[in-house]
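input30.tsv follows (TSV, C-alpha atoms and all ligand atoms):
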```tsv
chain	number	residue	atom	x	y	z
A	1	MET	CA	-3.80	31.39	-33.76
A	2	LYS	CA	-0.15	31.78	-34.72
A	3	LYS	CA	1.47	28.74	-36.27
A	4	THR	CA	4.02	28.34	-33.45
A	5	THR	CA	1.28	28.61	-30.78
A	6	ARG	CA	-0.80	26.03	-32.62
A	7	ILE	CA	2.16	23.65	-32.79
A	8	ILE	CA	2.77	24.05	-29.04
A	9	THR	CA	-0.95	23.53	-28.29
A	10	VAL	CA	-1.06	20.37	-30.43
A	11	ALA	CA	2.16	19.12	-28.84
A	12	LEU	CA	0.70	19.68	-25.34
A	13	ALA	CA	-2.49	17.87	-26.28
A	14	ILE	CA	-0.45	14.92	-27.55
A	15	ALA	CA	1.66	14.97	-24.39
A	16	LEU	CA	-1.49	14.92	-22.23
A	17	MET	CA	-2.89	12.03	-24.23
A	18	ALA	CA	0.41	10.20	-23.83
A	19	THR	CA	0.23	10.54	-20.05
A	20	GLY	CA	-3.21	9.00	-20.10
A	21	CYS	CA	-4.66	12.04	-18.42
A	22	SER	CA	-7.13	14.70	-19.29
A	23	SER	CA	-9.17	17.43	-17.71
A	24	ASN	CA	-11.76	14.84	-16.59
A	25	LYS	CA	-12.47	14.60	-12.89
A	26	ALA	CA	-11.48	11.37	-11.23
A	27	LYS	CA	-14.54	9.47	-10.02
A	28	TYR	CA	-12.79	6.25	-9.04
A	29	VAL	CA	-9.51	6.61	-7.16
A	30	PHE	CA	-7.05	3.93	-6.07
A	31	LEU	CA	-4.19	4.85	-3.76
A	32	PHE	CA	-1.66	2.04	-3.34
A	33	ILE	CA	0.88	2.40	-0.55
A	34	GLY	CA	3.79	-0.02	-0.63
A	35	ASP	CA	4.87	0.22	2.99
A	36	GLY	CA	8.65	0.64	2.96
A	37	MET	CA	8.78	0.35	-0.84
A	38	GLY	CA	11.59	2.64	-1.96
A	39	PHE	CA	13.02	2.83	-5.47
A	40	SER	CA	15.50	0.01	-4.75
A	41	HIS	CA	12.75	-2.38	-3.61
A	42	VAL	CA	11.00	-1.88	-6.93
A	43	ALA	CA	14.27	-2.26	-8.87
A	44	LEU	CA	14.95	-5.47	-6.94
A	45	ALA	CA	11.59	-6.92	-7.96
A	46	GLU	CA	12.17	-5.90	-11.59
A	47	ALA	CA	15.64	-7.46	-11.61
A	48	TYR	CA	14.17	-10.63	-10.12
A	49	LEU	CA	11.66	-10.89	-12.98
A	50	ALA	CA	14.45	-10.44	-15.54
A	51	GLN	CA	16.68	-12.99	-13.87
A	52	GLU	CA	13.76	-15.44	-13.68
A	53	ARG	CA	13.72	-15.51	-17.48
A	54	GLY	CA	17.50	-15.82	-17.70
A	55	ASP	CA	18.50	-12.21	-18.22
A	56	ALA	CA	21.22	-11.53	-15.65
A	57	CYS	CA	21.50	-7.82	-16.45
A	58	GLY	CA	17.98	-6.59	-17.14
A	59	GLN	CA	14.97	-5.25	-15.28
A	60	ASP	CA	11.47	-6.20	-16.42
A	61	PRO	CA	8.88	-3.50	-15.71
A	62	LEU	CA	6.08	-4.01	-13.23
A	63	THR	CA	2.55	-2.89	-14.06
A	64	PHE	CA	2.83	0.32	-12.08
A	65	THR	CA	6.35	1.23	-13.20
A	66	GLN	CA	4.91	1.55	-16.70
A	67	PHE	CA	2.48	4.24	-15.61
A	68	PRO	CA	3.10	7.42	-17.59
A	69	VAL	CA	3.52	9.84	-14.69
A	70	LEU	CA	6.40	9.60	-12.21
A	71	GLY	CA	7.14	11.85	-9.29
A	72	MET	CA	8.94	11.66	-5.96
A	73	ALA	CA	7.72	12.47	-2.47
A	74	THR	CA	9.70	13.54	0.58
A	75	THR	CA	8.74	11.59	3.69
A	76	PHE	CA	10.13	13.31	6.83
A	77	SER	CA	7.79	13.61	9.79
A	78	ALA	CA	7.18	16.56	12.13
A	79	SER	CA	9.55	15.06	14.69
A	80	ASN	CA	12.17	13.16	12.72
A	81	PRO	CA	13.94	13.14	9.33
A	82	ILE	CA	13.00	9.45	9.25
A	83	THR	CA	9.28	8.88	9.48
A	84	CYS	CA	7.41	5.97	11.01
A	85	SER	CA	4.38	4.50	9.27
A	86	SER	CA	1.79	6.29	11.41
A	87	ALA	CA	3.28	9.75	10.80
A	88	ALA	CA	3.66	8.97	7.09
A	89	GLY	CA	0.18	7.45	6.95
A	90	THR	CA	-1.20	10.57	8.62
A	91	ALA	CA	0.55	12.75	6.02
A	92	LEU	CA	-0.84	10.65	3.16
A	93	ALA	CA	-4.33	10.47	4.65
A	94	THR	CA	-4.78	13.99	6.04
A	95	GLY	CA	-2.27	16.22	4.24
A	96	TYR	CA	-0.57	17.25	7.50
A	97	LYS	CA	2.68	16.23	9.19
A	98	THR	CA	2.69	14.78	12.67
A	99	LYS	CA	5.20	13.29	15.08
A	100	ASN	CA	6.35	9.70	14.79
A	101	HIS	CA	4.00	7.26	16.55
A	102	MET	CA	1.04	9.66	16.38
A	103	LEU	CA	-1.91	8.71	14.20
A	104	GLY	CA	-4.45	11.02	12.57
A	105	MET	CA	-3.56	13.79	15.01
A	106	ASN	CA	-1.37	16.84	14.73
A	107	PRO	CA	1.70	17.34	16.99
A	108	ASP	CA	-0.59	19.14	19.50
A	109	SER	CA	-2.79	16.02	19.74
A	110	LEU	CA	-5.69	17.59	17.89
A	111	PRO	CA	-7.52	15.28	15.47
A	112	LEU	CA	-6.97	15.67	11.73
A	113	LYS	CA	-9.56	14.79	9.10
A	114	SER	CA	-8.52	12.18	6.55
A	115	ILE	CA	-9.59	12.47	2.94
A	116	ALA	CA	-11.47	9.21	3.41
A	117	TYR	CA	-13.92	11.06	5.69
A	118	THR	CA	-14.01	14.12	3.41
A	119	LEU	CA	-14.81	11.95	0.39
A	120	HIS	CA	-17.28	9.78	2.29
A	121	GLU	CA	-19.23	12.89	3.33
A	122	ALA	CA	-19.14	14.02	-0.31
A	123	GLY	CA	-20.91	10.80	-1.36
A	124	TYR	CA	-18.01	8.57	-2.38
A	125	LYS	CA	-17.73	4.99	-1.15
A	126	ILE	CA	-14.59	4.13	0.77
A	127	GLY	CA	-12.47	0.97	0.81
A	128	ILE	CA	-9.48	0.45	3.11
A	129	MET	CA	-7.28	-2.59	2.50
A	130	THR	CA	-4.01	-4.03	3.71
A	131	ASN	CA	-2.24	-7.36	4.04
A	132	VAL	CA	-1.15	-6.56	7.62
A	133	GLY	CA	-3.47	-5.77	10.53
A	134	ILE	CA	-6.47	-3.66	9.55
A	135	ASN	CA	-5.91	-1.49	12.64
A	136	HIS	CA	-2.18	-1.15	11.93
A	137	ALA	CA	-0.69	2.30	11.27
A	138	THR	CA	-1.17	2.84	7.54
A	139	PRO	CA	-4.81	1.75	7.12
A	140	ALA	CA	-5.70	3.26	10.52
A	141	ALA	CA	-4.39	6.68	9.45
A	142	PHE	CA	-7.39	6.85	7.10
A	143	TYR	CA	-10.02	6.31	9.82
A	144	ALA	CA	-8.52	6.71	13.33
A	145	HIS	CA	-7.08	9.36	15.64
A	146	ASN	CA	-4.77	8.45	18.48
A	147	VAL	CA	-1.63	9.82	20.10
A	148	ASN	CA	-0.23	6.28	20.04
A	149	ARG	CA	-0.33	4.09	16.93
A	150	SER	CA	-0.03	0.97	19.12
A	151	ASP	CA	-3.31	1.65	20.91
A	152	TYR	CA	-4.95	-1.00	18.74
A	153	TYR	CA	-8.18	-1.43	20.68
A	154	PRO	CA	-9.57	2.13	20.46
A	155	ILE	CA	-8.19	2.32	16.91
A	156	GLY	CA	-10.24	-0.79	16.08
A	157	LEU	CA	-13.32	0.83	17.62
A	158	GLU	CA	-12.85	3.81	15.29
A	159	LEU	CA	-12.90	1.42	12.35
A	160	ALA	CA	-16.36	0.27	13.42
A	161	ALA	CA	-17.52	3.87	13.81
A	162	SER	CA	-16.14	5.02	10.45
A	163	GLY	CA	-19.06	3.78	8.37
A	164	PHE	CA	-16.74	3.10	5.43
A	165	GLU	CA	-18.16	0.50	3.07
A	166	PHE	CA	-15.27	-1.95	2.73
A	167	PHE	CA	-12.36	-3.14	4.85
A	168	GLY	CA	-10.31	-6.08	3.76
A	169	GLY	CA	-7.18	-8.18	3.95
A	170	GLY	CA	-5.63	-8.56	7.38
A	171	GLY	CA	-7.80	-8.80	10.49
A	172	TYR	CA	-7.56	-7.07	13.83
A	173	LEU	CA	-4.36	-6.77	15.81
A	174	HIS	CA	-5.09	-7.39	19.52
A	175	PRO	CA	-8.82	-7.97	18.94
A	176	THR	CA	-9.49	-8.20	22.69
A	177	GLY	CA	-7.19	-5.41	23.84
A	178	SER	CA	-3.57	-5.21	24.87
A	179	PRO	CA	-1.88	-8.54	25.66
A	180	LYS	CA	-0.93	-6.99	29.01
A	181	LEU	CA	-4.57	-6.77	30.14
A	182	GLU	CA	-5.59	-9.25	32.83
A	183	GLU	CA	-9.23	-9.13	31.78
A	184	PRO	CA	-9.72	-9.16	28.01
A	185	LEU	CA	-11.97	-6.48	26.52
A	186	PRO	CA	-15.03	-7.34	24.37
A	187	TYR	CA	-14.04	-8.65	20.94
A	188	LEU	CA	-13.46	-5.79	18.48
A	189	GLY	CA	-15.48	-7.59	15.80
A	190	ASP	CA	-18.59	-7.31	18.00
A	191	ALA	CA	-18.34	-3.52	17.83
A	192	ALA	CA	-18.07	-3.71	14.05
A	193	GLU	CA	-21.12	-5.99	13.80
A	194	ALA	CA	-23.07	-3.73	16.15
A	195	ALA	CA	-22.23	-0.85	13.80
A	196	GLY	CA	-23.69	-2.76	10.85
A	197	TYR	CA	-20.63	-4.51	9.43
A	198	THR	CA	-20.77	-8.07	8.14
A	199	PHE	CA	-17.67	-10.23	8.27
A	200	ALA	CA	-16.85	-12.32	5.20
A	201	ARG	CA	-14.24	-14.88	6.17
A	202	GLY	CA	-12.76	-16.00	2.88
A	203	LEU	CA	-13.82	-15.34	-0.70
A	204	ASP	CA	-16.53	-18.03	-0.73
A	205	GLU	CA	-18.29	-16.31	2.14
A	206	PHE	CA	-17.75	-12.96	0.44
A	207	ALA	CA	-19.47	-14.27	-2.69
A	208	ARG	CA	-22.51	-15.32	-0.63
A	209	LYS	CA	-22.80	-12.22	1.54
A	210	LYS	CA	-24.01	-9.12	-0.18
A	211	CYS	CA	-24.17	-6.24	2.24
A	212	ASP	CA	-23.60	-2.52	2.43
A	213	LYS	CA	-20.67	-2.61	4.84
A	214	ILE	CA	-18.29	-5.56	4.80
A	215	ILE	CA	-15.01	-6.70	6.34
A	216	LEU	CA	-13.24	-9.37	4.26
A	217	THR	CA	-10.56	-11.48	5.97
A	218	ARG	CA	-8.91	-14.89	5.59
A	219	GLN	CA	-11.18	-17.88	6.03
A	220	THR	CA	-9.23	-19.19	9.03
A	221	ASP	CA	-6.69	-17.46	11.28
A	222	TYR	CA	-8.50	-14.30	10.36
A	223	GLU	CA	-6.83	-11.98	12.88
A	224	GLY	CA	-3.63	-10.06	12.17
A	225	SER	CA	-1.58	-10.15	8.96
A	226	LEU	CA	-2.02	-12.29	5.90
A	227	PRO	CA	0.96	-14.67	5.49
A	228	TYR	CA	3.99	-13.69	3.44
A	229	ARG	CA	3.51	-14.61	-0.21
A	230	PHE	CA	6.86	-16.36	-0.32
A	231	GLY	CA	6.33	-19.90	0.90
A	232	CYS	CA	2.58	-19.57	1.56
A	233	ALA	CA	-0.14	-21.85	0.17
A	234	GLU	CA	-1.33	-20.97	-3.34
A	235	ASP	CA	-4.91	-20.51	-2.19
A	236	GLU	CA	-4.13	-17.97	0.55
A	237	LEU	CA	-6.09	-14.72	0.27
A	238	ASN	CA	-3.94	-12.11	-1.46
A	239	LEU	CA	-4.11	-8.34	-1.91
A	240	ALA	CA	-5.18	-8.62	-5.57
A	241	GLN	CA	-8.24	-10.67	-4.57
A	242	VAL	CA	-9.05	-8.17	-1.84
A	243	VAL	CA	-8.87	-5.25	-4.29
A	244	ASP	CA	-11.07	-7.18	-6.72
A	245	ALA	CA	-13.64	-7.79	-3.94
A	246	ALA	CA	-13.49	-4.12	-2.93
A	247	ILE	CA	-14.27	-3.01	-6.48
A	248	GLN	CA	-17.38	-5.23	-6.48
A	249	VAL	CA	-18.65	-3.51	-3.32
A	250	LEU	CA	-17.55	0.05	-4.09
A	251	GLU	CA	-18.55	0.47	-7.72
A	252	LYS	CA	-22.25	-0.03	-7.01
A	253	GLY	CA	-24.15	3.19	-6.53
A	254	GLY	CA	-22.61	6.23	-4.94
A	255	LYS	CA	-20.80	9.04	-6.60
A	256	GLY	CA	-17.65	7.00	-7.15
A	257	PHE	CA	-15.08	5.61	-4.73
A	258	PHE	CA	-11.75	6.04	-2.99
A	259	ALA	CA	-9.86	2.81	-2.35
A	260	MET	CA	-6.61	2.67	-0.40
A	261	ALA	CA	-4.65	-0.57	-0.49
A	262	GLU	CA	-1.47	-1.08	1.49
A	263	GLY	CA	1.23	-3.63	0.71
A	264	GLY	CA	2.19	-3.71	4.39
A	265	LEU	CA	4.22	-6.90	4.29
A	266	ILE	CA	6.87	-5.23	2.12
A	267	ASP	CA	7.82	-3.28	5.25
A	268	TYR	CA	7.77	-6.35	7.48
A	269	ALA	CA	10.07	-8.24	5.10
A	270	ALA	CA	12.39	-5.25	4.83
A	271	HIS	CA	12.61	-4.79	8.62
A	272	SER	CA	13.84	-8.41	8.68
A	273	ASN	CA	16.20	-7.73	5.74
A	274	ASN	CA	14.54	-10.72	4.06
A	275	THR	CA	15.34	-10.22	0.37
A	276	ILE	CA	13.17	-12.83	-1.31
A	277	ALA	CA	10.14	-12.10	0.90
A	278	ASP	CA	10.54	-8.41	0.09
A	279	ILE	CA	10.62	-9.18	-3.65
A	280	PHE	CA	7.54	-11.42	-3.45
A	281	GLU	CA	5.60	-8.78	-1.51
A	282	THR	CA	6.44	-6.07	-4.03
A	283	LEU	CA	5.32	-8.38	-6.84
A	284	ASP	CA	2.16	-9.18	-4.88
A	285	MET	CA	1.29	-5.48	-4.60
A	286	ASP	CA	1.95	-5.11	-8.31
A	287	GLN	CA	-0.64	-7.81	-8.98
A	288	ALA	CA	-3.11	-5.86	-6.85
A	289	VAL	CA	-2.30	-2.74	-8.88
A	290	ALA	CA	-2.90	-4.80	-12.04
A	291	VAL	CA	-6.48	-5.48	-10.84
A	292	ALA	CA	-7.02	-1.73	-10.46
A	293	TYR	CA	-5.42	-1.17	-13.86
A	294	GLU	CA	-7.95	-3.54	-15.47
A	295	PHE	CA	-10.68	-1.40	-13.88
A	296	TYR	CA	-8.94	1.73	-15.20
A	297	LYS	CA	-8.98	0.29	-18.74
A	298	LYS	CA	-12.78	0.01	-18.51
A	299	HIS	CA	-13.17	3.56	-17.14
A	300	PRO	CA	-10.03	5.37	-18.36
A	301	LYS	CA	-11.46	8.87	-18.25
A	302	GLN	CA	-12.84	8.56	-14.72
A	303	THR	CA	-10.19	6.52	-12.92
A	304	LEU	CA	-7.02	7.66	-11.17
A	305	ILE	CA	-4.43	5.21	-9.83
A	306	VAL	CA	-1.62	6.48	-7.62
A	307	VAL	CA	1.10	4.14	-6.39
A	308	THR	CA	3.59	5.31	-3.78
A	309	ALA	CA	5.26	4.36	-0.51
A	310	ASP	CA	5.14	5.85	2.96
A	311	HIS	CA	8.94	5.60	3.39
A	312	GLU	CA	11.81	3.30	2.50
A	313	THR	CA	12.70	0.44	4.83
A	314	GLY	CA	15.99	-1.38	5.20
A	315	GLY	CA	18.21	0.81	3.03
A	316	VAL	CA	18.36	-2.02	0.51
A	317	SER	CA	20.84	-1.91	-2.36
A	318	LEU	CA	21.37	-3.89	-5.52
A	319	GLY	CA	25.03	-4.70	-4.95
A	320	ARG	CA	27.05	-4.65	-1.73
A	321	GLU	CA	30.66	-3.89	-0.93
A	322	ARG	CA	32.99	-3.82	-3.93
A	323	GLY	CA	32.62	-5.76	-7.13
A	324	TYR	CA	29.71	-4.48	-9.29
A	325	ARG	CA	27.58	-7.56	-9.02
A	326	PHE	CA	24.43	-9.05	-7.63
A	327	ASP	CA	22.79	-12.33	-8.48
A	328	LEU	CA	19.26	-13.18	-7.39
A	329	THR	CA	19.38	-16.69	-8.86
A	330	VAL	CA	20.89	-17.92	-5.58
A	331	PHE	CA	17.32	-17.79	-4.26
A	332	ASP	CA	16.39	-20.60	-6.66
A	333	GLU	CA	17.76	-22.91	-3.98
A	334	VAL	CA	15.18	-21.83	-1.38
A	335	LYS	CA	12.36	-22.13	-3.87
A	336	THR	CA	12.67	-25.90	-3.98
A	337	ASN	CA	11.65	-28.06	-1.05
A	338	GLU	CA	14.23	-30.67	-2.01
A	339	SER	CA	17.05	-28.40	-0.91
A	340	THR	CA	18.27	-28.52	2.69
A	341	ASN	CA	17.71	-24.75	2.73
A	342	ASP	CA	14.07	-24.99	1.78
A	343	ALA	CA	11.58	-22.15	1.94
A	344	GLU	CA	10.43	-22.90	5.48
A	345	GLN	CA	13.91	-23.04	6.95
A	346	TYR	CA	14.82	-19.88	5.08
A	347	MET	CA	11.77	-17.98	6.34
A	348	ASN	CA	12.30	-19.10	9.93
A	349	THR	CA	16.03	-18.43	10.19
A	350	LYS	CA	17.39	-14.91	10.13
A	351	ALA	CA	20.99	-16.13	9.72
A	352	VAL	CA	20.00	-18.07	6.59
A	353	GLN	CA	18.26	-15.00	5.16
A	354	GLN	CA	21.42	-12.96	5.78
A	355	GLU	CA	23.60	-15.62	4.21
A	356	TYR	CA	21.48	-15.60	1.06
A	357	SER	CA	21.50	-11.80	0.85
A	358	GLU	CA	25.29	-11.85	1.11
A	359	ARG	CA	25.60	-14.54	-1.57
A	360	ALA	CA	23.22	-12.55	-3.80
A	361	HIS	CA	25.29	-9.39	-3.09
A	362	ILE	CA	22.20	-7.57	-1.86
A	363	GLY	CA	22.99	-4.99	0.79
A	364	TRP	CA	20.79	-4.00	3.73
A	365	THR	CA	21.98	-1.06	5.80
A	366	THR	CA	19.39	-1.01	8.60
A	367	GLY	CA	16.58	-2.96	10.22
A	368	SER	CA	14.63	0.30	10.44
A	369	HIS	CA	13.29	2.89	8.03
A	370	THR	CA	15.45	5.37	6.11
A	371	GLY	CA	14.89	9.02	5.24
A	372	SER	CA	14.94	8.52	1.46
A	373	PRO	CA	12.25	10.08	-0.66
A	374	VAL	CA	9.88	7.63	-2.33
A	375	PRO	CA	8.58	7.25	-5.88
A	376	VAL	CA	5.05	8.20	-6.94
A	377	TRP	CA	3.54	6.65	-10.07
A	378	ALA	CA	0.19	7.68	-11.50
A	379	VAL	CA	-2.11	7.00	-14.42
A	380	GLY	CA	-5.52	8.31	-15.41
A	381	ALA	CA	-7.68	11.32	-14.60
A	382	GLY	CA	-5.61	13.98	-12.89
A	383	SER	CA	-2.44	11.90	-12.98
A	384	GLN	CA	-0.40	14.82	-14.33
A	385	LEU	CA	-0.67	16.40	-10.85
A	386	PHE	CA	1.69	13.75	-9.52
A	387	ALA	CA	4.68	14.56	-11.75
A	388	GLY	CA	7.85	15.96	-10.24
A	389	ARG	CA	8.88	16.66	-6.67
A	390	MET	CA	6.28	16.80	-3.93
A	391	ASP	CA	5.92	16.22	-0.21
A	392	ASN	CA	3.88	13.31	1.10
A	393	THR	CA	1.35	15.84	2.49
A	394	ASP	CA	0.68	17.02	-1.08
A	395	ILE	CA	-0.65	13.61	-2.16
A	396	PRO	CA	-4.14	13.72	-0.53
A	397	ARG	CA	-4.50	17.36	-1.62
A	398	LYS	CA	-3.71	16.38	-5.21
A	399	ILE	CA	-6.18	13.48	-5.02
A	400	CYS	CA	-8.93	15.87	-3.95
A	401	GLN	CA	-7.91	18.26	-6.73
A	402	ALA	CA	-8.09	15.43	-9.27
A	403	MET	CA	-11.58	14.54	-7.99
A	404	GLY	CA	-12.79	18.15	-7.93
A	405	VAL	CA	-13.52	17.88	-4.20
A	406	ASP	CA	-12.47	20.66	-1.82
A	407	PHE	CA	-9.65	19.56	0.46
A	408	GLU	CA	-10.67	20.14	4.09
A	501	ZN	ZN	8.15	-0.19	9.24
```
Spit out the file's structure as structure tokens when you get a sec.
Amino acid sequence: MKKTTRIITVALAIALMATGCSSNKAKYVFLFIGDGMGFSHVALAEAYLAQERGDACGQDPLTFTQFPVLGMATTFSASNPITCSSAAGTALATGYKTKNHMLGMNPDSLPLKSIAYTLHEAGYKIGIMTNVGINHATPAAFYAHNVNRSDYYPIGLELAASGFEFFGGGGYLHPTGSPKLEEPLPYLGDAAEAAGYTFARGLDEFARKKCDKIILTRQTDYEGSLPYRFGCAEDELNLAQVVDAAIQVLEKGGKGFFAMAEGGLIDYAAHSNNTIADIFETLDMDQAVAVAYEFYKKHPKQTLIVVTADHETGGVSLGRERGYRFDLTVFDEVKTNESTNDAEQYMNTKAVQQEYSERAHIGWTTGSHTGSPVPVWAVGAGSQLFAGRMDNTDIPRKICQAMGVDFE
């Protein structure tokens, strides 16, 4: 081998080692989707951490922003330059674009196969997690097919029929059908139990119930979303605990696993232009990623973690109008109950949230989604595939490639 070739080969080997990747196939895959989590949302959370420790100018890295591979994904749907979560979820789950409001179906209303089904058939265990409703758009894109993302009842029935080993976090939206129905339908949970699922309501129950197919929810008020992390009780179920529980179920037996976890409340906070709730939700998802990263450290050659978003929400900016400034320490006031503007009043009053964003010089340009591309971070086996520019439809294809499974 020529000297120059050898130097290049050694340099490439070192570069591959530095990215934490190798030619190993990924056996354990985590896909984290921060719903609505654009670059600015992440920067906001990092600036918050820096300002918490008194650094007014810095940004402290999150767990996932330290991953060695960074790419960006375009997010447009088949019908709109600005995607909704079901079209984006469909792209991330199936590798195909669809129209806004469609779920797991192509624009001609034909069903698409998600990688969760492909991998399940190939012998991998599957976990689907979120902190919003488990039959909401993003998680549902991995197991359901419907022309209308809001058709929560049949979507919930498809969850029961999926056979996937673990669902967790938020409970059902509209568990007895549309609120417009005069006669409620049978409870969705009954269909899941009939299909062999066991409900674990709270972590204590989860610890006692060892079963093949499990749905983990909050102990009480177990339908719909988990509460926002900002202002909620310390002992509320969080996404990190759900991911930890999923690992316990999924790592036993099987060929490996695919676990998708959505930070869905980031999007909810951003639709409301609620700055501090948005920051807390991004930090909450980072803690969930940290649980996966601990798993990665035990199985570095066989684990792939991908962290991305389905779209950006709110058009949030660090700084607004003229003046080159933003200051997140104004939110210290809502973090103490002694203030007149305590956390509860803040969370319940849109005008107060707006006032604080203005005082913090944080800009929000819309209550909807934007057409911005989103970041993609990756670490582990096959992570090098996620560098550079890609489309959201490339992500499930790259995951299959990293796992050595044919994309269907
Ligand atoms: Zn949204």
Using all atoms listed in the file, what does the table of chain A residues within 8 Å of ligand ZN 501 (chain A) look like, with each row giving the shortest atom pair and its distance in Å to one decimal, sorted by chain and ascending number, as a tab-separated table?
```
residue	atom	partner	partner_atom	distance
A:Asp35	CA	A:ZN501	ZN	7.1
A:Gly36	CA	A:ZN501	ZN	6.4
A:Cys84	CA	A:ZN501	ZN	6.5
A:Ser85	CA	A:ZN501	ZN	6.0
A:Asp267	CA	A:ZN501	ZN	5.1
A:Tyr268	CA	A:ZN501	ZN	6.4
A:Ala270	CA	A:ZN501	ZN	7.9
A:His271	CA	A:ZN501	ZN	6.4
A:Thr313	CA	A:ZN501	ZN	6.4
A:Ser368	CA	A:ZN501	ZN	6.6
A:His369	CA	A:ZN501	ZN	6.1
```
Rounded to one decimal place, report the CA of Glu321 (chain A)-CA of Ala73 (chain A) distance in Å.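 Interatomic distance here is 28.2 Å.
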Extract, using only C-alpha atoms, all DNA, RNA and protein residues at most 12 Å from Asp55 (chain A), discarding same-chain residues fewer than 5 positions from it, and format them as a PDB file with C-alpha atoms, keeping the file's coordinate frame.
```pdb
ATOM      1  CA  GLU A  46      12.170  -5.900 -11.590  1.00  0.00           C
ATOM      2  CA  ALA A  47      15.640  -7.460 -11.610  1.00  0.00           C
ATOM      3  CA  TYR A  48      14.170 -10.630 -10.120  1.00  0.00           C
ATOM      4  CA  LEU A  49      11.660 -10.890 -12.980  1.00  0.00           C
ATOM      5  CA  ALA A  50      14.450 -10.440 -15.540  1.00  0.00           C
ATOM      6  CA  ASP A  60      11.470  -6.200 -16.420  1.00  0.00           C
ATOM      7  CA  ASP A 327      22.790 -12.330  -8.480  1.00  0.00           C
ATOM      8  CA  LEU A 328      19.260 -13.180  -7.390  1.00  0.00           C
ATOM      9  CA  THR A 329      19.380 -16.690  -8.860  1.00  0.00           C
TER      10      THR A 329
END
```
Of A:Ile126, A:Val69, A:Leu157, A:Ala343, the one nearest to Ile247 (chain A) when counting all atoms listed in the file is A:Ile126
Per residue of region 70-159 of chain A within 10 Å of region 210-231 of chain A, which atom pair is closest and at what distance in Å (one decimal), using only C-alpha atoms, listed by chain and increasing number, as JSON lines?
```
{"residue": "A:Ile126", "atom": "CA", "partner": "A:Lys213", "partner_atom": "CA", "distance": 9.9}
{"residue": "A:Gly127", "atom": "CA", "partner": "A:Ile214", "partner_atom": "CA", "distance": 9.6}
{"residue": "A:Ile128", "atom": "CA", "partner": "A:Ile215", "partner_atom": "CA", "distance": 9.6}
{"residue": "A:Met129", "atom": "CA", "partner": "A:Leu216", "partner_atom": "CA", "distance": 9.2}
{"residue": "A:Thr130", "atom": "CA", "partner": "A:Ser225", "partner_atom": "CA", "distance": 8.4}
{"residue": "A:Asn131", "atom": "CA", "partner": "A:Leu226", "partner_atom": "CA", "distance": 5.3}
{"residue": "A:Val132", "atom": "CA", "partner": "A:Ser225", "partner_atom": "CA", "distance": 3.9}
{"residue": "A:Gly133", "atom": "CA", "partner": "A:Gly224", "partner_atom": "CA", "distance": 4.6}
{"residue": "A:Ile134", "atom": "CA", "partner": "A:Gly224", "partner_atom": "CA", "distance": 7.5}
{"residue": "A:Asn135", "atom": "CA", "partner": "A:Gly224", "partner_atom": "CA", "distance": 8.9}
{"residue": "A:His136", "atom": "CA", "partner": "A:Gly224", "partner_atom": "CA", "distance": 9.0}
```
Name the closest residue to Thr303 (chain A) among the candidates A:Gly363, A:Glu236, A:Val289, A:Phe257; distances are taken between atoms, counting only C-alpha atoms.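 Selected residue with least distance to Thr303 (chain A): A:Phe257.
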The distance between CA of His120 (chain A) and CA of Pro186 (chain A) is 28.0 Å
Which residue is closest to Pro154 (chain A)? Choose from A:Pro175, A:Gly371, A:Gly170, A:Gly382 and count all atoms listed in the file.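 Using all atoms listed in the file, Pro154 (chain A) sits closest to A:Pro175.
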Correct to one decimal, the distance CA of Gly323 (chain A)-CA of Gly367 (chain A) is 23.8 Å
Shortest contact to Met390 (chain A), candidates A:Ser40, A:Val374, A:Tyr293, A:Leu31, atoms counted all atoms listed in the file, goes to A:Val374
Can you fill out region 122-129 of chain A with N, CA and C atoms and hand it back as a JSON list (two decimals), keeping the file's coordinate frame?
```
[["chain", "number", "residue", "atom", "x", "y", "z"],
["A", 122, "ALA", "N", -18.79, 13.48, 1.02],
["A", 122, "ALA", "CA", -19.14, 14.02, -0.31],
["A", 122, "ALA", "C", -19.88, 12.99, -1.17],
["A", 123, "GLY", "N", -20.11, 11.78, -0.63],
["A", 123, "GLY", "CA", -20.91, 10.80, -1.36],
["A", 123, "GLY", "C", -20.13, 9.68, -2.02],
["A", 124, "TYR", "N", -18.82, 9.64, -1.79],
["A", 124, "TYR", "CA", -18.01, 8.57, -2.38],
["A", 124, "TYR", "C", -17.96, 7.38, -1.41],
["A", 125, "LYS", "N", -17.91, 6.18, -1.98],
["A", 125, "LYS", "CA", -17.73, 4.99, -1.15],
["A", 125, "LYS", "C", -16.25, 4.82, -0.84],
["A", 126, "ILE", "N", -15.98, 4.20, 0.30],
["A", 126, "ILE", "CA", -14.59, 4.13, 0.77],
["A", 126, "ILE", "C", -14.20, 2.67, 1.04],
["A", 127, "GLY", "N", -13.03, 2.29, 0.53],
["A", 127, "GLY", "CA", -12.47, 0.97, 0.81],
["A", 127, "GLY", "C", -11.07, 1.12, 1.38],
["A", 128, "ILE", "N", -10.80, 0.40, 2.47],
["A", 128, "ILE", "CA", -9.48, 0.45, 3.11],
["A", 128, "ILE", "C", -8.96, -0.99, 3.20],
["A", 129, "MET", "N", -7.81, -1.22, 2.59],
["A", 129, "MET", "CA", -7.28, -2.59, 2.50],
["A", 129, "MET", "C", -5.81, -2.65, 2.88]]
```
